[in-house]
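Participant: Can you read through this structure? Questions will come right after.
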Amino acid sequence: MKIGFFPLLVSLLPCSAGAVDLTWSGFGTVGYAQSDQPYKYQRFIDDQGTFMRDSILGAQLDVKFNPEWGATVQARLAPSAENDSAWAATMSWAFVSWRPQDDWLIRVGKLRLPLMLNTENRDVGATYEFARLPIEVYSIAPTTDVVGLSVSKTWLTGRFDWTLEGYTGKMPTYWRYYQRDVGVNSQNPGSYFVELDVKSSGLVLTARDIDNVFRIGVHEVEATRVGDTSHADIPYRPLAPGIGFYDIEGARRIDKMIIPVQTLGASVLLPGDFRVTGEYARIKVDSSSQGLTRWGAYLAVSRQFGDWTPYVYYAKMKSPDDVLERYKAINGNRVPPLPPPYDATRINQSQKLAADILSPYDQWTAALGTSYRLTPTSVLKAEWSHTRSGVVSSFIDAPSGSDSSDRHINVFSLSYSFTF
């Protein structure tokens, strides 16, 4: 967001200086995670341990101009979205709100989208019990923020409060890719980030009472690569009977991608004070990175015992079977020595690169953890999780010369989250 956008919005508001009510708050998480594997998982986690995966610090200012008009600004310090070794300060929220009636709310500015049950509060670890929100679901949307407009209407019924929210906006973001042996344009292997201009619109219905919440949403995302076009596909080029290669450089190009996203979630309190939470999300990507087309879901059970809340969950993410088969075909494709002008070594290197660009997912995670409420505004969490990949998982930075299939990763996490 450009500097000056939020002050400009505030300057347009009808208010008197004496009527302004300011409320400051802050939040943070100091989180440590360590796996039993030497390669990176979820960008940062390996057997050396890291504070970068889960640590975050934020502050928020809420301004009340009068009963109808308000504004919110939230800034945070967290690992960069475009660099695996840097931290970045960003603006999470920066919007003006107008409530013309009690059941209507209109917001304009930088917004966090109402995607999954904890998307809007995901940075505030003290608001949920998980040590880490299941990445199989919470990573699906291309972006969780937009600069735009949100309009919501609330209905109060005998039991549930119903809220229908529609939004539209745009936001630059980054998609991370990881190349095992050779990078794009023959660069060094490793991670690289593609900048995208993303437009997103959606409609979300939420029902909640004192103990339960249900949510369903439909969203459409339009993604355009900044300064370049995107590969539409990775075509196969035959060279001789039984010999050919998947051609990245000669692929058809497209200006933008239309990406539908569907979300569904519920958290229900059952007899015996057991809470069951489940969420599902699905995304479809039509491009060379069609492996990003996938569904993710998890089911969690928790129960509070005084200040303790132990939980267990199972999560799974999977790209379509035909995409996984295509990945195996590309990843395993090799050509024998060929006469000029063909370079068999370069072609064979490009096949792994093409497989990595496809970016498919096939993994599940089982986790067992607990939170302990030190105070009403602070919580200590511990978790053990076991992740297993199937055909491939693009969350795993596979070592050079290998791939991410059939990997077993144990992750131990400890964190302290607070608000003030």
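Chain identifiers are assigned as A, B, and so on, following the order in which chains appear in the structure tokens; residues are numbered from 1 within each chain, and ligands are numbered from 1 in order of appearance.
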Near Asp247 in chain A, within 9 Å and counting only C-alpha atoms, which residues show up once chain neighbours fewer than 2 positions away are dropped, as a list in words?
Facilitator: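 Everything that qualifies: Ile234, Pro235, Tyr236, Arg237, Phe245, Glu249, Gly250, Ala251, Ile347, Ser350, Gln351 and Ala354 of chain A.
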Participant: For the selection just defined, write its residues with all heavy atoms to a file, as an mmCIF file, in the first residue's frame.
Facilitator:
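Writing done, so here's selection_7.cif:
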data_model
loop_
_atom_site.group_PDB
_atom_site.id
_atom_site.type_symbol
_atom_site.label_atom_id
_atom_site.label_comp_id
_atom_site.auth_asym_id
_atom_site.auth_seq_id
_atom_site.Cartn_x
_atom_site.Cartn_y
_atom_site.Cartn_z
ATOM 1 N N ILE A 234 2.764 -27.080 -20.388
ATOM 2 C CA ILE A 234 4.102 -27.624 -20.640
ATOM 3 C C ILE A 234 3.933 -28.718 -21.686
ATOM 4 O O ILE A 234 3.719 -29.891 -21.354
ATOM 5 C CB ILE A 234 4.740 -28.171 -19.353
ATOM 6 C CG1 ILE A 234 4.732 -27.104 -18.246
ATOM 7 C CG2 ILE A 234 6.171 -28.631 -19.626
ATOM 8 C CD1 ILE A 234 5.271 -27.586 -16.922
ATOM 9 N N PRO A 235 3.990 -28.383 -22.972
ATOM 10 C CA PRO A 235 3.707 -29.369 -24.023
ATOM 11 C C PRO A 235 4.832 -30.394 -24.191
ATOM 12 O O PRO A 235 5.997 -30.125 -23.884
ATOM 13 C CB PRO A 235 3.571 -28.499 -25.278
ATOM 14 C CG PRO A 235 4.433 -27.311 -24.995
ATOM 15 C CD PRO A 235 4.314 -27.052 -23.522
ATOM 16 N N TYR A 236 4.464 -31.570 -24.688
ATOM 17 C CA TYR A 236 5.431 -32.627 -24.986
ATOM 18 C C TYR A 236 5.865 -32.516 -26.432
ATOM 19 O O TYR A 236 5.033 -32.421 -27.346
ATOM 20 C CB TYR A 236 4.808 -33.995 -24.727
ATOM 21 C CG TYR A 236 5.746 -35.156 -24.985
ATOM 22 C CD1 TYR A 236 6.732 -35.475 -24.054
ATOM 23 C CD2 TYR A 236 5.639 -35.918 -26.146
ATOM 24 C CE1 TYR A 236 7.600 -36.534 -24.280
ATOM 25 C CE2 TYR A 236 6.503 -36.978 -26.373
ATOM 26 C CZ TYR A 236 7.485 -37.281 -25.435
ATOM 27 O OH TYR A 236 8.346 -38.325 -25.675
ATOM 28 N N ARG A 237 7.186 -32.515 -26.685
ATOM 29 C CA ARG A 237 7.738 -32.409 -28.033
ATOM 30 C C ARG A 237 8.444 -33.711 -28.403
ATOM 31 O O ARG A 237 9.515 -34.019 -27.849
ATOM 32 C CB ARG A 237 8.749 -31.260 -28.119
ATOM 33 C CG ARG A 237 8.273 -29.913 -27.584
ATOM 34 C CD ARG A 237 7.183 -29.315 -28.422
ATOM 35 N NE ARG A 237 6.901 -27.930 -27.993
ATOM 36 C CZ ARG A 237 5.828 -27.252 -28.351
ATOM 37 N NH1 ARG A 237 4.912 -27.840 -29.141
ATOM 38 N NH2 ARG A 237 5.644 -26.017 -27.934
ATOM 39 N N PHE A 245 10.580 -34.618 -25.100
ATOM 40 C CA PHE A 245 10.772 -33.871 -23.872
ATOM 41 C C PHE A 245 9.622 -32.892 -23.666
ATOM 42 O O PHE A 245 8.903 -32.541 -24.614
ATOM 43 C CB PHE A 245 12.108 -33.119 -23.886
ATOM 44 C CG PHE A 245 12.160 -31.976 -24.862
ATOM 45 C CD1 PHE A 245 12.002 -30.656 -24.457
ATOM 46 C CD2 PHE A 245 12.379 -32.220 -26.216
ATOM 47 C CE1 PHE A 245 12.054 -29.615 -25.356
ATOM 48 C CE2 PHE A 245 12.431 -31.174 -27.131
ATOM 49 C CZ PHE A 245 12.268 -29.865 -26.700
ATOM 50 N N GLU A 249 10.262 -23.726 -22.688
ATOM 51 C CA GLU A 249 10.535 -22.509 -23.446
ATOM 52 C C GLU A 249 9.550 -22.313 -24.589
ATOM 53 O O GLU A 249 9.235 -21.181 -24.951
ATOM 54 C CB GLU A 249 11.968 -22.537 -23.972
ATOM 55 C CG GLU A 249 13.014 -22.555 -22.856
ATOM 56 C CD GLU A 249 14.418 -22.629 -23.404
ATOM 57 O OE1 GLU A 249 14.572 -22.714 -24.653
ATOM 58 O OE2 GLU A 249 15.373 -22.588 -22.606
ATOM 59 N N GLY A 250 9.063 -23.385 -25.177
ATOM 60 C CA GLY A 250 8.162 -23.268 -26.318
ATOM 61 C C GLY A 250 6.690 -23.306 -25.957
ATOM 62 O O GLY A 250 5.836 -23.453 -26.833
ATOM 63 N N ALA A 251 6.383 -23.167 -24.674
ATOM 64 C CA ALA A 251 4.991 -23.250 -24.229
ATOM 65 C C ALA A 251 4.204 -22.021 -24.651
ATOM 66 O O ALA A 251 4.742 -20.922 -24.794
ATOM 67 C CB ALA A 251 4.927 -23.406 -22.712
ATOM 68 N N ILE A 347 18.488 -30.725 -21.839
ATOM 69 C CA ILE A 347 17.097 -31.174 -21.900
ATOM 70 C C ILE A 347 16.723 -31.929 -20.635
ATOM 71 O O ILE A 347 15.659 -31.695 -20.040
ATOM 72 C CB ILE A 347 16.864 -32.050 -23.144
ATOM 73 C CG1 ILE A 347 16.917 -31.199 -24.417
ATOM 74 C CG2 ILE A 347 15.524 -32.778 -23.050
ATOM 75 C CD1 ILE A 347 16.819 -31.987 -25.691
ATOM 76 N N SER A 350 16.157 -29.693 -17.781
ATOM 77 C CA SER A 350 14.912 -28.927 -17.907
ATOM 78 C C SER A 350 13.696 -29.743 -17.505
ATOM 79 O O SER A 350 12.652 -29.171 -17.161
ATOM 80 C CB SER A 350 14.743 -28.431 -19.348
ATOM 81 O OG SER A 350 14.382 -29.486 -20.228
ATOM 82 N N GLN A 351 13.795 -31.077 -17.528
ATOM 83 C CA GLN A 351 12.644 -31.892 -17.162
ATOM 84 C C GLN A 351 12.330 -31.790 -15.670
ATOM 85 O O GLN A 351 11.170 -31.687 -15.273
ATOM 86 C CB GLN A 351 12.876 -33.352 -17.561
ATOM 87 C CG GLN A 351 13.121 -33.535 -19.058
ATOM 88 C CD GLN A 351 12.021 -32.921 -19.916
ATOM 89 O OE1 GLN A 351 10.995 -33.527 -20.161
ATOM 90 N NE2 GLN A 351 12.235 -31.691 -20.363
ATOM 91 N N ALA A 354 10.793 -28.408 -15.188
ATOM 92 C CA ALA A 354 9.388 -28.403 -15.598
ATOM 93 C C ALA A 354 8.516 -29.082 -14.553
ATOM 94 O O ALA A 354 7.404 -28.625 -14.261
ATOM 95 C CB ALA A 354 9.242 -29.102 -16.951
#
Participant: Any idea what's packed within 7 Å of Ser230 in chain A, counting only C-alpha atoms, ignoring anything in its chain fewer than 5 positions away? Could you give it as a PDB file with all heavy atoms, in the first residue's frame?
Facilitator:
ATOM      1  N   ARG A 225       0.857 -12.028 -13.958  1.00  0.00           N
ATOM      2  CA  ARG A 225       2.277 -11.941 -13.616  1.00  0.00           C
ATOM      3  C   ARG A 225       2.800 -10.542 -13.921  1.00  0.00           C
ATOM      4  O   ARG A 225       2.557  -9.995 -14.995  1.00  0.00           O
ATOM      5  CB  ARG A 225       3.062 -12.988 -14.393  1.00  0.00           C
ATOM      6  CG  ARG A 225       4.508 -13.118 -13.967  1.00  0.00           C
ATOM      7  CD  ARG A 225       5.146 -14.356 -14.543  1.00  0.00           C
ATOM      8  NE  ARG A 225       6.549 -14.437 -14.203  1.00  0.00           N
ATOM      9  CZ  ARG A 225       7.334 -15.463 -14.519  1.00  0.00           C
ATOM     10  NH1 ARG A 225       6.812 -16.496 -15.182  1.00  0.00           N
ATOM     11  NH2 ARG A 225       8.603 -15.474 -14.181  1.00  0.00           N
ATOM     12  N   ARG A 253       1.774 -18.885 -24.110  1.00  0.00           N
ATOM     13  CA  ARG A 253       1.741 -17.932 -23.012  1.00  0.00           C
ATOM     14  C   ARG A 253       0.334 -17.341 -22.850  1.00  0.00           C
ATOM     15  O   ARG A 253      -0.425 -17.239 -23.811  1.00  0.00           O
ATOM     16  CB  ARG A 253       2.733 -16.787 -23.259  1.00  0.00           C
ATOM     17  CG  ARG A 253       4.129 -17.209 -23.678  1.00  0.00           C
ATOM     18  CD  ARG A 253       4.937 -17.739 -22.539  1.00  0.00           C
ATOM     19  NE  ARG A 253       5.249 -16.717 -21.554  1.00  0.00           N
ATOM     20  CZ  ARG A 253       6.230 -16.839 -20.652  1.00  0.00           C
ATOM     21  NH1 ARG A 253       6.979 -17.942 -20.631  1.00  0.00           N
ATOM     22  NH2 ARG A 253       6.467 -15.890 -19.762  1.00  0.00           N
ATOM     23  N   ILE A 254       0.007 -16.963 -21.632  1.00  0.00           N
ATOM     24  CA  ILE A 254      -1.278 -16.328 -21.349  1.00  0.00           C
ATOM     25  C   ILE A 254      -1.032 -15.073 -20.513  1.00  0.00           C
ATOM     26  O   ILE A 254      -0.048 -14.978 -19.771  1.00  0.00           O
ATOM     27  CB  ILE A 254      -2.248 -17.272 -20.609  1.00  0.00           C
ATOM     28  CG1 ILE A 254      -1.602 -17.850 -19.339  1.00  0.00           C
ATOM     29  CG2 ILE A 254      -2.714 -18.388 -21.524  1.00  0.00           C
ATOM     30  CD1 ILE A 254      -2.522 -18.707 -18.517  1.00  0.00           C
ATOM     31  N   ASP A 255      -1.943 -14.108 -20.635  1.00  0.00           N
ATOM     32  CA  ASP A 255      -1.799 -12.845 -19.915  1.00  0.00           C
ATOM     33  C   ASP A 255      -2.261 -12.940 -18.471  1.00  0.00           C
ATOM     34  O   ASP A 255      -1.715 -12.275 -17.587  1.00  0.00           O
ATOM     35  CB  ASP A 255      -2.577 -11.728 -20.624  1.00  0.00           C
ATOM     36  CG  ASP A 255      -1.983 -11.394 -21.980  1.00  0.00           C
ATOM     37  OD1 ASP A 255      -0.750 -11.491 -22.121  1.00  0.00           O
ATOM     38  OD2 ASP A 255      -2.761 -11.049 -22.887  1.00  0.00           O
TER      39      ASP A 255
END
Participant: Any idea what's packed within 9 Å of Tyr280 in chain A, counting only C-alpha atoms, ignoring anything in its chain fewer than 4 positions away? Could you give it as a list in words?
Facilitator: Met116, Val137, Gln262, Thr263, Leu264, Gly265, Trp295, Gly296, Ala297 and Tyr298 of chain A
Participant: Run DSSP on the backbone and give me the residues of range 106-160 of chain A it puts in strand (DSSP E or B), as a ChimeraX atom specification.
Facilitator: /A:106-112,145-156
Participant: Take the residues from that selection and write them out as a PDB file, in the first residue's frame, keeping C-alpha atoms.
Facilitator:
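Result file selection_8.pdb:
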ATOM      1  CA  ILE A 106     -19.071  -1.046   4.816  1.00  0.00           C
ATOM      2  CA  ARG A 107     -15.262  -1.034   4.827  1.00  0.00           C
ATOM      3  CA  VAL A 108     -12.846   0.546   2.356  1.00  0.00           C
ATOM      4  CA  GLY A 109      -9.075   0.097   2.336  1.00  0.00           C
ATOM      5  CA  LYS A 110      -6.625  -2.726   3.083  1.00  0.00           C
ATOM      6  CA  LEU A 111      -8.654  -5.740   4.239  1.00  0.00           C
ATOM      7  CA  ARG A 112      -8.048  -9.306   5.381  1.00  0.00           C
ATOM      8  CA  ASP A 145      -5.488  -9.524   1.614  1.00  0.00           C
ATOM      9  CA  VAL A 146      -6.864  -6.945  -0.811  1.00  0.00           C
ATOM     10  CA  VAL A 147      -7.138  -3.204  -1.113  1.00  0.00           C
ATOM     11  CA  GLY A 148     -10.777  -2.725  -1.929  1.00  0.00           C
ATOM     12  CA  LEU A 149     -14.351  -2.717  -0.675  1.00  0.00           C
ATOM     13  CA  SER A 150     -16.284  -4.981   1.693  1.00  0.00           C
ATOM     14  CA  VAL A 151     -20.043  -4.815   2.382  1.00  0.00           C
ATOM     15  CA  SER A 152     -21.722  -7.019   4.998  1.00  0.00           C
ATOM     16  CA  LYS A 153     -25.287  -7.471   6.214  1.00  0.00           C
ATOM     17  CA  THR A 154     -26.228  -9.195   9.486  1.00  0.00           C
ATOM     18  CA  TRP A 155     -29.537 -10.853  10.434  1.00  0.00           C
ATOM     19  CA  LEU A 156     -30.327 -11.794  14.031  1.00  0.00           C
TER      20      LEU A 156
END
Participant: Which polymer residues have any atom within 7 Å of an atom of range 60-68 of chain A, counting only C-alpha atoms, with same-chain residues fewer than 6 positions away left out, as a list in words?
Facilitator: Cys15, Ala19, Val20, Asp21, Leu22, Thr23, Trp24, Ser25, Gly26, Gln74, Ala75, Trp98, Arg99 and Pro100 of chain A
Participant: Between A:Leu239, A:Leu105, A:Ala94, A:Ile409, which residue has the minimum interatomic distance to Tyr342 in chain A, considering only C-alpha atoms?
Facilitator: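 The answer is A:Leu239, which sits nearest to Tyr342 in chain A.
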Participant: Please compute the CA of Leu324 in chain A-CA of Ser359 in chain A distance, one decimal, in Å.
Facilitator: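 For CA of Leu324 in chain A relative to CA of Ser359 in chain A, the distance reads 9.7 Å.
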Participant: I'd like to know which of A:Glu325, A:Asp36, A:Glu82, A:Asp233 is closest to Tyr177 in chain A, using only C-alpha atoms.
Facilitator: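 Result for the nearest residue to Tyr177 in chain A: A:Glu82.
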Participant: Need the shell around range 214-223 of chain A: protein/DNA/RNA residues with any atom at most 7 Å away, counting only C-alpha atoms. Skip same-chain ones fewer than 5 positions apart. Format as a list in words?
Facilitator: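 After dropping sequence-adjacent residues, the list is Leu115, Leu196, Asp197, Val198, Lys199, Ser200, Ser201, Gly202, Leu203, Val204, Leu205, Thr206, Ala207, Arg208, Lys256, Met257, Ile258, Ile259, Pro260, Val261, Gln262, Thr263, Leu264, Gly265, Ala266 and Ser267 of chain A.
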Participant: May I have the residues from that selection written out with C-alpha atoms, as a short mmCIF file (atom, residue, chain, number, x, y, z; two decimals), in the first residue's frame?
Facilitator:
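As a result, part-v6.cif now contains:
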data_model
loop_
_atom_site.label_atom_id
_atom_site.label_comp_id
_atom_site.auth_asym_id
_atom_site.auth_seq_id
_atom_site.Cartn_x
_atom_site.Cartn_y
_atom_site.Cartn_z
CA LEU A 115 -11.77 -17.06 3.81
CA LEU A 196 1.60 -11.31 -9.24
CA ASP A 197 -1.08 -8.66 -9.44
CA VAL A 198 -4.16 -10.32 -7.97
CA LYS A 199 -7.78 -9.24 -8.15
CA SER A 200 -10.18 -11.09 -5.91
CA SER A 201 -13.94 -10.99 -5.36
CA GLY A 202 -16.12 -13.20 -3.22
CA LEU A 203 -19.27 -13.82 -1.26
CA VAL A 204 -19.17 -15.42 2.20
CA LEU A 205 -22.02 -16.54 4.47
CA THR A 206 -21.31 -17.05 8.19
CA ALA A 207 -23.66 -18.29 10.91
CA ARG A 208 -22.63 -18.22 14.56
CA LYS A 256 -3.81 -13.82 -16.85
CA MET A 257 -5.23 -16.75 -14.92
CA ILE A 258 -8.80 -17.04 -13.62
CA ILE A 259 -8.74 -19.02 -10.36
CA PRO A 260 -11.97 -20.11 -8.63
CA VAL A 261 -11.75 -20.85 -4.90
CA GLN A 262 -14.39 -22.49 -2.69
CA THR A 263 -14.23 -22.64 1.11
CA LEU A 264 -16.26 -24.41 3.78
CA GLY A 265 -15.81 -24.61 7.55
CA ALA A 266 -17.50 -25.37 10.85
CA SER A 267 -16.57 -25.44 14.52
#
Participant: Of the residues A:Asp211, A:Asp46, A:Asp273, A:Asp286, which is the one nearest to Ala232 in chain A, using only C-alpha atoms?
Facilitator: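 When distances to Ala232 in chain A are compared using only C-alpha atoms, the smallest one comes from A:Asp286.
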Participant: Smallest atom-to-atom distance to Asp209 in chain A: which of A:Val226, A:Leu57, A:Leu269, A:Ala240, using only C-alpha atoms?
Facilitator: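 Closest residue, counting only C-alpha atoms: A:Leu269.
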Participant: Residues near Tyr327 in chain A, anyone? I mean within 9 Å using only C-alpha atoms, not counting same-chain ones fewer than 4 positions away, as a PyMOL selection string.
Facilitator: chain A and resi 291+322-323+331-332+354-356+358-360+391-392
